[in-house]
$ cat entry.json   # JSON, C-alpha atoms
[["chain", "number", "residue", "atom", "x", "y", "z"],
["A", 471, "MET", "CA", 61.83, 123.03, 137.80],
["A", 472, "ALA", "CA", 61.24, 124.17, 141.37],
["A", 473, "LEU", "CA", 64.17, 122.14, 142.66],
["A", 474, "GLU", "CA", 66.64, 124.23, 140.63],
["A", 475, "TRP", "CA", 65.31, 127.42, 142.19],
["A", 476, "VAL", "CA", 65.55, 125.93, 145.68],
["A", 477, "VAL", "CA", 69.16, 124.91, 145.06],
["A", 478, "LEU", "CA", 69.98, 128.37, 143.70],
["A", 479, "GLY", "CA", 68.29, 130.01, 146.68],
["A", 480, "TYR", "CA", 70.27, 127.89, 149.15],
["A", 481, "ALA", "CA", 73.51, 128.60, 147.30],
["A", 482, "ALA", "CA", 72.83, 132.34, 147.33],
["A", 483, "GLY", "CA", 71.97, 132.13, 151.02],
["A", 484, "ALA", "CA", 75.20, 130.26, 151.79],
["A", 485, "GLU", "CA", 77.18, 132.86, 149.85],
["A", 486, "ALA", "CA", 75.49, 135.67, 151.76],
["A", 487, "ILE", "CA", 76.19, 134.01, 155.13],
["A", 488, "MET", "CA", 79.86, 133.44, 154.26],
["A", 489, "LEU", "CA", 80.15, 137.03, 153.07],
["A", 490, "LEU", "CA", 78.58, 138.26, 156.28],
["A", 491, "LEU", "CA", 80.87, 136.13, 158.44],
["A", 492, "LEU", "CA", 83.96, 137.34, 156.57],
["A", 493, "THR", "CA", 83.07, 141.00, 156.99],
["A", 494, "ILE", "CA", 81.83, 141.03, 160.60],
["A", 495, "PRO", "CA", 84.45, 142.63, 162.83],
["A", 496, "GLY", "CA", 85.44, 140.82, 165.99],
["A", 497, "LEU", "CA", 85.69, 137.30, 164.59],
["A", 498, "ASP", "CA", 89.48, 137.36, 164.43],
["A", 499, "PRO", "CA", 89.97, 133.98, 166.16],
["A", 500, "LEU", "CA", 87.69, 132.32, 163.58],
["A", 501, "ARG", "CA", 88.84, 134.36, 160.58],
["A", 502, "GLN", "CA", 91.62, 132.00, 159.46],
["A", 503, "GLY", "CA", 89.24, 129.03, 159.39],
["A", 504, "LEU", "CA", 86.57, 131.06, 157.62],
["A", 505, "ILE", "CA", 89.07, 132.16, 154.99],
["A", 506, "SER", "CA", 90.21, 128.60, 154.28],
["A", 507, "VAL", "CA", 86.64, 127.29, 154.09],
["A", 508, "THR", "CA", 85.57, 130.13, 151.81],
["A", 509, "ARG", "CA", 88.59, 129.73, 149.53],
["A", 510, "ASN", "CA", 87.88, 126.00, 149.23],
["A", 511, "LEU", "CA", 84.22, 126.65, 148.39],
["A", 512, "LEU", "CA", 84.83, 129.32, 145.74],
["A", 513, "LYS", "CA", 85.61, 126.79, 142.99],
["A", 514, "PRO", "CA", 82.50, 124.64, 143.57],
["A", 515, "PHE", "CA", 80.38, 127.80, 143.81],
["A", 516, "LEU", "CA", 81.69, 128.86, 140.40],
["A", 517, "SER", "CA", 79.23, 126.34, 138.95],
["A", 518, "ILE", "CA", 76.50, 128.80, 139.93],
["A", 519, "VAL", "CA", 77.39, 131.03, 136.98],
["A", 520, "PRO", "CA", 76.57, 128.55, 134.17],
["A", 521, "PHE", "CA", 73.63, 127.27, 136.23],
["A", 522, "CYS", "CA", 72.28, 130.82, 136.40],
["A", 523, "LEU", "CA", 72.78, 131.25, 132.66],
["A", 524, "PHE", "CA", 70.82, 128.05, 132.05],
["A", 525, "LEU", "CA", 67.99, 129.27, 134.29],
["A", 526, "LEU", "CA", 68.06, 132.66, 132.58],
["A", 527, "MET", "CA", 67.64, 130.92, 129.21],
["A", 528, "ASP", "CA", 64.73, 128.98, 130.71],
["A", 529, "ILE", "CA", 63.07, 132.25, 131.78],
["A", 530, "TYR", "CA", 63.62, 133.67, 128.29],
["A", 531, "TRP", "CA", 62.16, 130.56, 126.66],
["A", 532, "LYS", "CA", 59.08, 130.74, 128.89],
["A", 533, "TYR", "CA", 58.75, 134.43, 128.05],
["A", 534, "GLU", "CA", 58.92, 133.77, 124.32],
["A", 535, "THR", "CA", 56.47, 130.84, 124.33],
["A", 536, "ARG", "CA", 53.87, 132.21, 126.74],
["A", 537, "PRO", "CA", 50.38, 132.95, 125.42],
["A", 538, "THR", "CA", 49.74, 136.59, 124.77],
["A", 539, "CYS", "CA", 46.87, 138.34, 126.50],
["A", 540, "GLU", "CA", 46.95, 141.84, 125.08],
["A", 541, "SER", "CA", 43.22, 142.39, 125.05],
["A", 542, "PRO", "CA", 40.63, 141.21, 127.59],
["A", 543, "GLU", "CA", 38.72, 139.36, 124.84],
["A", 544, "SER", "CA", 41.64, 137.15, 123.86],
["A", 545, "CYS", "CA", 42.03, 135.46, 127.26],
["A", 546, "SER", "CA", 39.70, 134.22, 129.94],
["A", 547, "PRO", "CA", 40.14, 135.68, 133.44],
["A", 548, "SER", "CA", 41.84, 132.52, 134.68],
["A", 549, "GLU", "CA", 44.29, 132.55, 131.76],
["A", 550, "HIS", "CA", 44.99, 136.21, 132.38],
["A", 551, "LEU", "CA", 45.65, 135.51, 136.08],
["A", 552, "ARG", "CA", 47.94, 132.59, 135.20],
["A", 553, "HIS", "CA", 49.79, 134.86, 132.76],
["A", 554, "GLN", "CA", 50.29, 137.51, 135.47],
["A", 555, "LYS", "CA", 51.51, 134.89, 137.97],
["A", 556, "SER", "CA", 53.98, 133.58, 135.41],
["A", 557, "ILE", "CA", 55.36, 137.07, 134.86],
["A", 558, "MET", "CA", 55.72, 137.63, 138.61],
["A", 559, "LYS", "CA", 57.53, 134.30, 139.06],
["A", 560, "SER", "CA", 59.88, 135.10, 136.19],
["A", 561, "GLN", "CA", 60.71, 138.47, 137.71],
["A", 562, "ARG", "CA", 61.34, 136.88, 141.11],
["A", 563, "ASN", "CA", 63.54, 134.21, 139.58],
["A", 564, "ALA", "CA", 65.52, 136.78, 137.59],
["A", 565, "LEU", "CA", 66.10, 138.70, 140.82],
["A", 566, "LEU", "CA", 67.32, 135.48, 142.48],
["A", 567, "ILE", "CA", 69.72, 134.88, 139.60],
["A", 568, "ALA", "CA", 71.07, 138.42, 139.89],
["A", 569, "CYS", "CA", 71.51, 138.04, 143.66],
["A", 570, "ALA", "CA", 73.31, 134.70, 143.35],
["A", 571, "ILE", "CA", 75.78, 136.02, 140.78],
["A", 572, "THR", "CA", 76.31, 139.25, 142.71],
["A", 573, "PHE", "CA", 76.91, 137.39, 145.97],
["A", 574, "TYR", "CA", 79.43, 135.11, 144.25],
["A", 575, "TRP", "CA", 81.30, 138.08, 142.83],
["A", 576, "LEU", "CA", 81.29, 139.86, 146.20],
["A", 577, "LEU", "CA", 82.44, 136.72, 148.00],
["A", 578, "TYR", "CA", 85.28, 136.27, 145.52],
["A", 579, "ALA", "CA", 86.38, 139.91, 145.84],
["A", 580, "VAL", "CA", 86.07, 140.08, 149.64],
["A", 581, "THR", "CA", 87.92, 136.79, 150.11],
["A", 582, "GLY", "CA", 90.78, 138.09, 147.98],
["A", 583, "LEU", "CA", 90.90, 141.31, 149.98],
["A", 584, "VAL", "CA", 90.81, 139.52, 153.33],
["A", 585, "VAL", "CA", 93.66, 137.23, 152.23],
["A", 586, "LYS", "CA", 95.71, 140.26, 151.17],
["A", 587, "VAL", "CA", 95.03, 141.99, 154.48],
["A", 588, "GLU", "CA", 96.11, 138.88, 156.38],
["A", 589, "GLN", "CA", 99.32, 138.68, 154.34],
["A", 590, "LEU", "CA", 100.05, 142.36, 154.95],
["A", 591, "ASN", "CA", 99.41, 141.95, 158.68],
["A", 592, "LYS", "CA", 101.88, 139.06, 158.79],
["A", 593, "ARG", "CA", 104.43, 141.14, 156.90],
["A", 594, "VAL", "CA", 103.98, 144.06, 159.33],
["A", 595, "GLU", "CA", 104.41, 141.72, 162.32],
["A", 596, "LYS", "CA", 107.54, 140.26, 160.75],
["A", 597, "LEU", "CA", 109.00, 143.76, 160.19],
["A", 598, "LYS", "CA", 108.15, 144.79, 163.76],
["A", 599, "ALA", "CA", 109.82, 141.66, 165.08],
["A", 600, "SER", "CA", 112.98, 142.28, 163.06],
["A", 601, "ASP", "CA", 113.31, 145.87, 164.36]]

$ encode --input "entry.json" --output "structure tokens"
Amino acid sequence: MALEWVVLGYAAGAEAIMLLLLTIPGLDPLRQGLISVTRNLLKPFLSIVPFCLFLLMDIYWKYETRPTCESPESCSPSEHLRHQKSIMKSQRNALLIACAITFYWLLYAVTGLVVKVEQLNKRVEKLKASD
């Protein structure tokens, strides 16, 4: 199961880096290449959404089937510690899922905006040239 979380972490990291590169001012010479690369990667990165839903169901299943340790008498200290670690891992993984989906949405929105800005800049240059 750890491999899925590594893949999701790398995908979220790649989305964050692409988002950062698209929004950093001063990269105008590279912007056209970045836009084309990002637009080509948006469709494959869409697979993150069902993947995240699958991992979210896995977290829910683990939550529902975990042993309960409401009172100190019902669990040994090692079981209680394992229970607490499991809860912390589930919270971390849920945060990773939220970040991956949020980064995808931001990347999609920012890429669309950057493409529109580029089109408007070309239109303005064309109008200036015709005047």

$ residues_near_point --input "entry.json" --point "(88.6, 129.3, 146.1)" --cutoff "12 Å" --atoms "all atoms listed in the file" --output "MDAnalysis selection string"
chainID A and resid 504:516 574:575 577:582 585

$ write_last_selection --input "entry.json" --atoms "C-alpha atoms" --output "mmCIF file, keeping the file's coordinate frame"
data_model
loop_
_atom_site.group_PDB
_atom_site.id
_atom_site.type_symbol
_atom_site.label_atom_id
_atom_site.label_comp_id
_atom_site.auth_asym_id
_atom_site.auth_seq_id
_atom_site.Cartn_x
_atom_site.Cartn_y
_atom_site.Cartn_z
ATOM 1 C CA LEU A 504 86.570 131.060 157.620
ATOM 2 C CA ILE A 505 89.070 132.160 154.990
ATOM 3 C CA SER A 506 90.210 128.600 154.280
ATOM 4 C CA VAL A 507 86.640 127.290 154.090
ATOM 5 C CA THR A 508 85.570 130.130 151.810
ATOM 6 C CA ARG A 509 88.590 129.730 149.530
ATOM 7 C CA ASN A 510 87.880 126.000 149.230
ATOM 8 C CA LEU A 511 84.220 126.650 148.390
ATOM 9 C CA LEU A 512 84.830 129.320 145.740
ATOM 10 C CA LYS A 513 85.610 126.790 142.990
ATOM 11 C CA PRO A 514 82.500 124.640 143.570
ATOM 12 C CA PHE A 515 80.380 127.800 143.810
ATOM 13 C CA LEU A 516 81.690 128.860 140.400
ATOM 14 C CA TYR A 574 79.430 135.110 144.250
ATOM 15 C CA TRP A 575 81.300 138.080 142.830
ATOM 16 C CA LEU A 577 82.440 136.720 148.000
ATOM 17 C CA TYR A 578 85.280 136.270 145.520
ATOM 18 C CA ALA A 579 86.380 139.910 145.840
ATOM 19 C CA VAL A 580 86.070 140.080 149.640
ATOM 20 C CA THR A 581 87.920 136.790 150.110
ATOM 21 C CA GLY A 582 90.780 138.090 147.980
ATOM 22 C CA VAL A 585 93.660 137.230 152.230
#

$ atom_distance --input "entry.json" --atom1 "CA of Lys586 in chain A" --atom2 "CA of Lys598 in chain A"
18.3 Å

$ closest_residue --input "entry.json" --among "A:Ala472, A:Leu489, A:Val477, A:Ala482" --to "Ala570 in chain A" --atoms "all atoms listed in the file"
A:Ala482

$ closest_residue --input "entry.json" --among "A:Leu500, A:Leu525, A:Met488, A:Leu565" --to "Leu473 in chain A" --atoms "all atoms listed in the file"
A:Leu525

$ atom_distance --input "entry.json" --atom1 "CA of Cys545 in chain A" --atom2 "CA of Asn563 in chain A"
24.8 Å

$ atom_distance --input "entry.json" --atom1 "CA of Arg562 in chain A" --atom2 "CA of Ile494 in chain A"
28.6 Å

$ closest_residue --input "entry.json" --among "A:Leu492, A:Leu583, A:Ala599, A:Ile571" --to "Phe521 in chain A" --atoms "only C-alpha atoms"
A:Ile571

$ closest_residue --input "entry.json" --among "A:Leu590, A:Leu566, A:Ile557, A:Pro495" --to "Glu534 in chain A" --atoms "all atoms listed in the file"
A:Ile557

$ closest_residue --input "entry.json" --among "A:Ala564, A:Leu491, A:Leu497, A:Leu551" --to "Met527 in chain A" --atoms "only C-alpha atoms"
A:Ala564

$ closest_residue --input "entry.json" --among "A:Ser600, A:Thr493, A:Thr538, A:Lys555" --to "Leu576 in chain A" --atoms "all atoms listed in the file"
A:Thr493
